[in-house]
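Okay, so here's the structure we're looking at.
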Amino acid sequence: MTRAAYITRLGPPEEIRWGELPDPVPGPADVLVRTEAVAANPVDAFVRSGRYRTPMPFPFVIGRDLVGEVADAGPGFSPGDRVWCAGMGHGGRQGSFAELVAVPAERLYRLPEGVGAVEAAGVLHPAATAFLALFRHGGLRLGETVYVAGAAGNVGDALVRS
């Protein structure tokens, strides 16, 4: 059994429960991760409340981000690898607020040596979102300049520091 923060129905924060659920069973494309740190994002509240509609099997583990250590080998990862992921807790995937999480390997990134779990959990999602917005979706190339008219919140802060 793994301890987790979960809901059994959509609603306000009072619906969040903390307790034991069966250990997740990784599929062939998943990696089992033992959680070290998590971060709560505004979208977590939207998912939990039902304002952001997404398939969710109940009981539903909440949360999107985690930093942890690979507990069981999976595609491209070995036990003991330190990793970070985002994008859990929607699209039918259970969330990250559990001691053990089955994470699709495509959503895992290795954590550089020396990076703390708490710092990584708090910084990597906004920084990755800003990077993807500028370079992957915005087509920005090194040496180019972009004008940012407003930069509120964590993603905006990361955007102007990129």
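By order in the structure tokens, chains are A, B, ...; within a chain, residues start at 1; ligands start at 1, following the order shown.
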**Prompt:** Neighbours of Ala120 (chain A) within 10 Å (only C-alpha atoms; same-chain residues fewer than 6 positions away dropped), as a PyMOL selection string?
**Reply:** chain A and resi 37-39+65-67+83-84+111-112
**Request:** Going by DSSP on the backbone, which bits of region 19-107 of chain A are alpha helix (DSSP H)? Write them as a list of chain:residue names, please.
**Result:** A:Pro42, A:Val43, A:Asp44, A:Ala45, A:Phe46, A:Val47, A:Arg48, A:Ser49
Same residues, all heavy atoms, saved as a PDB file, in the first residue's frame:
```pdb
ATOM      1  N   PRO A  42      -1.820  25.802  -9.691  1.00  0.00           N
ATOM      2  CA  PRO A  42      -3.221  26.221  -9.776  1.00  0.00           C
ATOM      3  C   PRO A  42      -4.097  25.226 -10.536  1.00  0.00           C
ATOM      4  O   PRO A  42      -5.252  25.007 -10.167  1.00  0.00           O
ATOM      5  CB  PRO A  42      -3.145  27.572 -10.507  1.00  0.00           C
ATOM      6  CG  PRO A  42      -1.787  28.095 -10.157  1.00  0.00           C
ATOM      7  CD  PRO A  42      -0.898  26.878 -10.099  1.00  0.00           C
ATOM      8  N   VAL A  43      -3.558  24.595 -11.580  1.00  0.00           N
ATOM      9  CA  VAL A  43      -4.373  23.660 -12.347  1.00  0.00           C
ATOM     10  C   VAL A  43      -4.793  22.456 -11.495  1.00  0.00           C
ATOM     11  O   VAL A  43      -5.825  21.851 -11.747  1.00  0.00           O
ATOM     12  CB  VAL A  43      -3.654  23.222 -13.650  1.00  0.00           C
ATOM     13  CG1 VAL A  43      -2.521  22.263 -13.366  1.00  0.00           C
ATOM     14  CG2 VAL A  43      -4.644  22.613 -14.636  1.00  0.00           C
ATOM     15  N   ASP A  44      -4.023  22.127 -10.458  1.00  0.00           N
ATOM     16  CA  ASP A  44      -4.424  21.036  -9.566  1.00  0.00           C
ATOM     17  C   ASP A  44      -5.783  21.331  -8.939  1.00  0.00           C
ATOM     18  O   ASP A  44      -6.626  20.443  -8.802  1.00  0.00           O
ATOM     19  CB  ASP A  44      -3.385  20.819  -8.458  1.00  0.00           C
ATOM     20  CG  ASP A  44      -2.040  20.355  -8.980  1.00  0.00           C
ATOM     21  OD1 ASP A  44      -2.009  19.685 -10.035  1.00  0.00           O
ATOM     22  OD2 ASP A  44      -1.027  20.663  -8.342  1.00  0.00           O
ATOM     23  N   ALA A  45      -6.003  22.577  -8.533  1.00  0.00           N
ATOM     24  CA  ALA A  45      -7.293  22.972  -7.956  1.00  0.00           C
ATOM     25  C   ALA A  45      -8.395  22.901  -9.003  1.00  0.00           C
ATOM     26  O   ALA A  45      -9.527  22.499  -8.705  1.00  0.00           O
ATOM     27  CB  ALA A  45      -7.208  24.378  -7.371  1.00  0.00           C
ATOM     28  N   PHE A  46      -8.079  23.278 -10.238  1.00  0.00           N
ATOM     29  CA  PHE A  46      -9.084  23.212 -11.304  1.00  0.00           C
ATOM     30  C   PHE A  46      -9.502  21.770 -11.574  1.00  0.00           C
ATOM     31  O   PHE A  46     -10.674  21.480 -11.776  1.00  0.00           O
ATOM     32  CB  PHE A  46      -8.562  23.851 -12.594  1.00  0.00           C
ATOM     33  CG  PHE A  46      -8.240  25.314 -12.476  1.00  0.00           C
ATOM     34  CD1 PHE A  46      -7.216  25.862 -13.221  1.00  0.00           C
ATOM     35  CD2 PHE A  46      -8.941  26.152 -11.627  1.00  0.00           C
ATOM     36  CE1 PHE A  46      -6.906  27.212 -13.126  1.00  0.00           C
ATOM     37  CE2 PHE A  46      -8.642  27.497 -11.515  1.00  0.00           C
ATOM     38  CZ  PHE A  46      -7.620  28.022 -12.270  1.00  0.00           C
ATOM     39  N   VAL A  47      -8.530  20.858 -11.597  1.00  0.00           N
ATOM     40  CA  VAL A  47      -8.827  19.439 -11.836  1.00  0.00           C
ATOM     41  C   VAL A  47      -9.665  18.896 -10.683  1.00  0.00           C
ATOM     42  O   VAL A  47     -10.706  18.282 -10.879  1.00  0.00           O
ATOM     43  CB  VAL A  47      -7.523  18.618 -12.020  1.00  0.00           C
ATOM     44  CG1 VAL A  47      -7.810  17.127 -11.999  1.00  0.00           C
ATOM     45  CG2 VAL A  47      -6.839  19.014 -13.333  1.00  0.00           C
ATOM     46  N   ARG A  48      -9.206  19.121  -9.450  1.00  0.00           N
ATOM     47  CA  ARG A  48      -9.903  18.586  -8.277  1.00  0.00           C
ATOM     48  C   ARG A  48     -11.335  19.088  -8.171  1.00  0.00           C
ATOM     49  O   ARG A  48     -12.243  18.358  -7.803  1.00  0.00           O
ATOM     50  CB  ARG A  48      -9.120  18.957  -7.006  1.00  0.00           C
ATOM     51  CG  ARG A  48      -9.709  18.367  -5.761  1.00  0.00           C
ATOM     52  CD  ARG A  48      -9.919  19.336  -4.609  1.00  0.00           C
ATOM     53  NE  ARG A  48      -9.211  20.576  -4.638  1.00  0.00           N
ATOM     54  CZ  ARG A  48      -9.824  21.774  -4.775  1.00  0.00           C
ATOM     55  NH1 ARG A  48     -11.125  21.865  -4.929  1.00  0.00           N
ATOM     56  NH2 ARG A  48      -9.120  22.883  -4.757  1.00  0.00           N
ATOM     57  N   SER A  49     -11.563  20.343  -8.507  1.00  0.00           N
ATOM     58  CA  SER A  49     -12.892  20.935  -8.382  1.00  0.00           C
ATOM     59  C   SER A  49     -13.827  20.560  -9.530  1.00  0.00           C
ATOM     60  O   SER A  49     -15.032  20.699  -9.406  1.00  0.00           O
ATOM     61  CB  SER A  49     -12.782  22.455  -8.320  1.00  0.00           C
ATOM     62  OG  SER A  49     -12.378  22.976  -9.587  1.00  0.00           O
TER      63      SER A  49
END
```
**Message:** Considering only C-alpha atoms, can you say which of A:Asn41, A:Asp81, A:Met88, A:Leu100 comes closest to Asn154 (chain A)?
**Reply:**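 Smallest distance to Asn154 (chain A) is found for A:Asn41.
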**Request:** From a DSSP pass on the backbone, collect the residues of region 34-159 of chain A flagged as strand (DSSP E or B) and hand them back as a ChimeraX atom specification.
**Result:** /A:34-39,60-61,65-72,74,77,82-85,98,100-104,108-110
**Message:** Under the rule that only C-alpha atoms are counted, which of A:Gly114, A:Gly27, A:Pro57, A:Gly89 is the nearest residue to Ala73 (chain A)?
**Reply:**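 Smallest separation from Ala73 (chain A) among the options: A:Gly27.
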**Item:** Which of A:Ile7, A:Ala105, A:Ala133, A:Leu21 sits closest to Gly74 (chain A) [using only C-alpha atoms]
**Value:**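 Ranked by minimum distance to Gly74 (chain A), first place goes to A:Ala105.
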**Request:** Determine, counting only C-alpha atoms, which protein, DNA and RNA residues have an atom within 12 Å of an atom of Ala152 (chain A); residues of the same chain fewer than 5 positions away are not included. Present the result as an NGL selection string.
**Result:** :A and (126 or 130 or 157-160)
Take the residues that were just selected and, keeping all heavy atoms, output them as a tab-separated table (two decimals), in the first residue's frame.
```tsv
chain	number	residue	atom	x	y	z
A	126	PRO	N	7.55	25.65	-13.98
A	126	PRO	CA	7.46	26.98	-14.60
A	126	PRO	C	8.60	27.25	-15.58
A	126	PRO	O	8.39	27.84	-16.64
A	126	PRO	CB	7.52	27.95	-13.42
A	126	PRO	CG	7.24	27.15	-12.21
A	126	PRO	CD	7.58	25.74	-12.52
A	130	ALA	N	8.13	27.99	-19.59
A	130	ALA	CA	8.66	29.20	-20.24
A	130	ALA	C	9.56	28.82	-21.41
A	130	ALA	O	9.47	29.41	-22.50
A	130	ALA	CB	9.42	30.05	-19.22
A	157	ASP	N	7.73	34.90	-14.57
A	157	ASP	CA	9.04	35.19	-13.97
A	157	ASP	C	10.13	34.39	-14.66
A	157	ASP	O	11.19	34.91	-14.99
A	157	ASP	CB	9.01	34.90	-12.48
A	157	ASP	CG	10.28	35.29	-11.78
A	157	ASP	OD1	10.68	36.47	-11.89
A	157	ASP	OD2	10.88	34.42	-11.13
A	158	ALA	N	9.87	33.08	-14.89
A	158	ALA	CA	10.86	32.25	-15.57
A	158	ALA	C	11.07	32.71	-17.01
A	158	ALA	O	12.18	32.66	-17.53
A	158	ALA	CB	10.42	30.78	-15.53
A	159	LEU	N	10.01	33.18	-17.63
A	159	LEU	CA	10.08	33.64	-19.02
A	159	LEU	C	11.05	34.81	-19.17
A	159	LEU	O	11.89	34.81	-20.06
A	159	LEU	CB	8.69	34.05	-19.50
A	159	LEU	CG	8.58	34.50	-20.94
A	159	LEU	CD1	8.66	33.31	-21.87
A	159	LEU	CD2	7.26	35.23	-21.15
A	160	VAL	N	10.95	35.80	-18.32
A	160	VAL	CA	11.81	36.97	-18.46
A	160	VAL	C	13.23	36.70	-17.97
A	160	VAL	O	14.14	37.47	-18.26
A	160	VAL	CB	11.22	38.22	-17.76
A	160	VAL	CG1	9.91	38.61	-18.41
A	160	VAL	CG2	11.05	38.02	-16.27
```
**Request:** Would you mind telling me which residue in A:Ala98, A:Val123, A:Ala117, A:Ala86 lies nearest to Asp23 (chain A) when using only C-alpha atoms?
**Result:**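 Smallest distance to Asp23 (chain A) is found for A:Ala98.
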**Point-to-point distance from CA of Gly91 (chain A) to CA of Glu15 (chain A), Å rounded to tenths** =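 Going from CA of Gly91 (chain A) over to CA of Glu15 (chain A) covers 20.2 Å.
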**Message:** Between CA of Asp30 (chain A) and CA of Ala128 (chain A), what is the distance in Å, rounded to a tenth?
**Reply:**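 So the two atoms, CA of Asp30 (chain A) and CA of Ala128 (chain A), lie 21.4 Å apart.
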**Request:** In Å, rounded to a single decimal, give me how far CA of Glu106 (chain A) is from CA of Leu134 (chain A).
**Result:** 21.2 Å
**Message:** From the options A:Ala40, A:Ala149, A:Ala29, A:Gly80, which residue's atoms come nearest to Arg107 (chain A), counting only C-alpha atoms?
**Reply:**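 The shortest atom-to-atom distance to Arg107 (chain A) comes from A:Ala29.
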**Request:** Check the smallest atom-to-atom distance from each of A:Gly156, A:Gly76, A:Gly95, A:Pro104 to Phe60 (chain A) using only C-alpha atoms, then report the winner.
**Result:**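 Closest to Phe60 (chain A), using only C-alpha atoms: A:Gly95.
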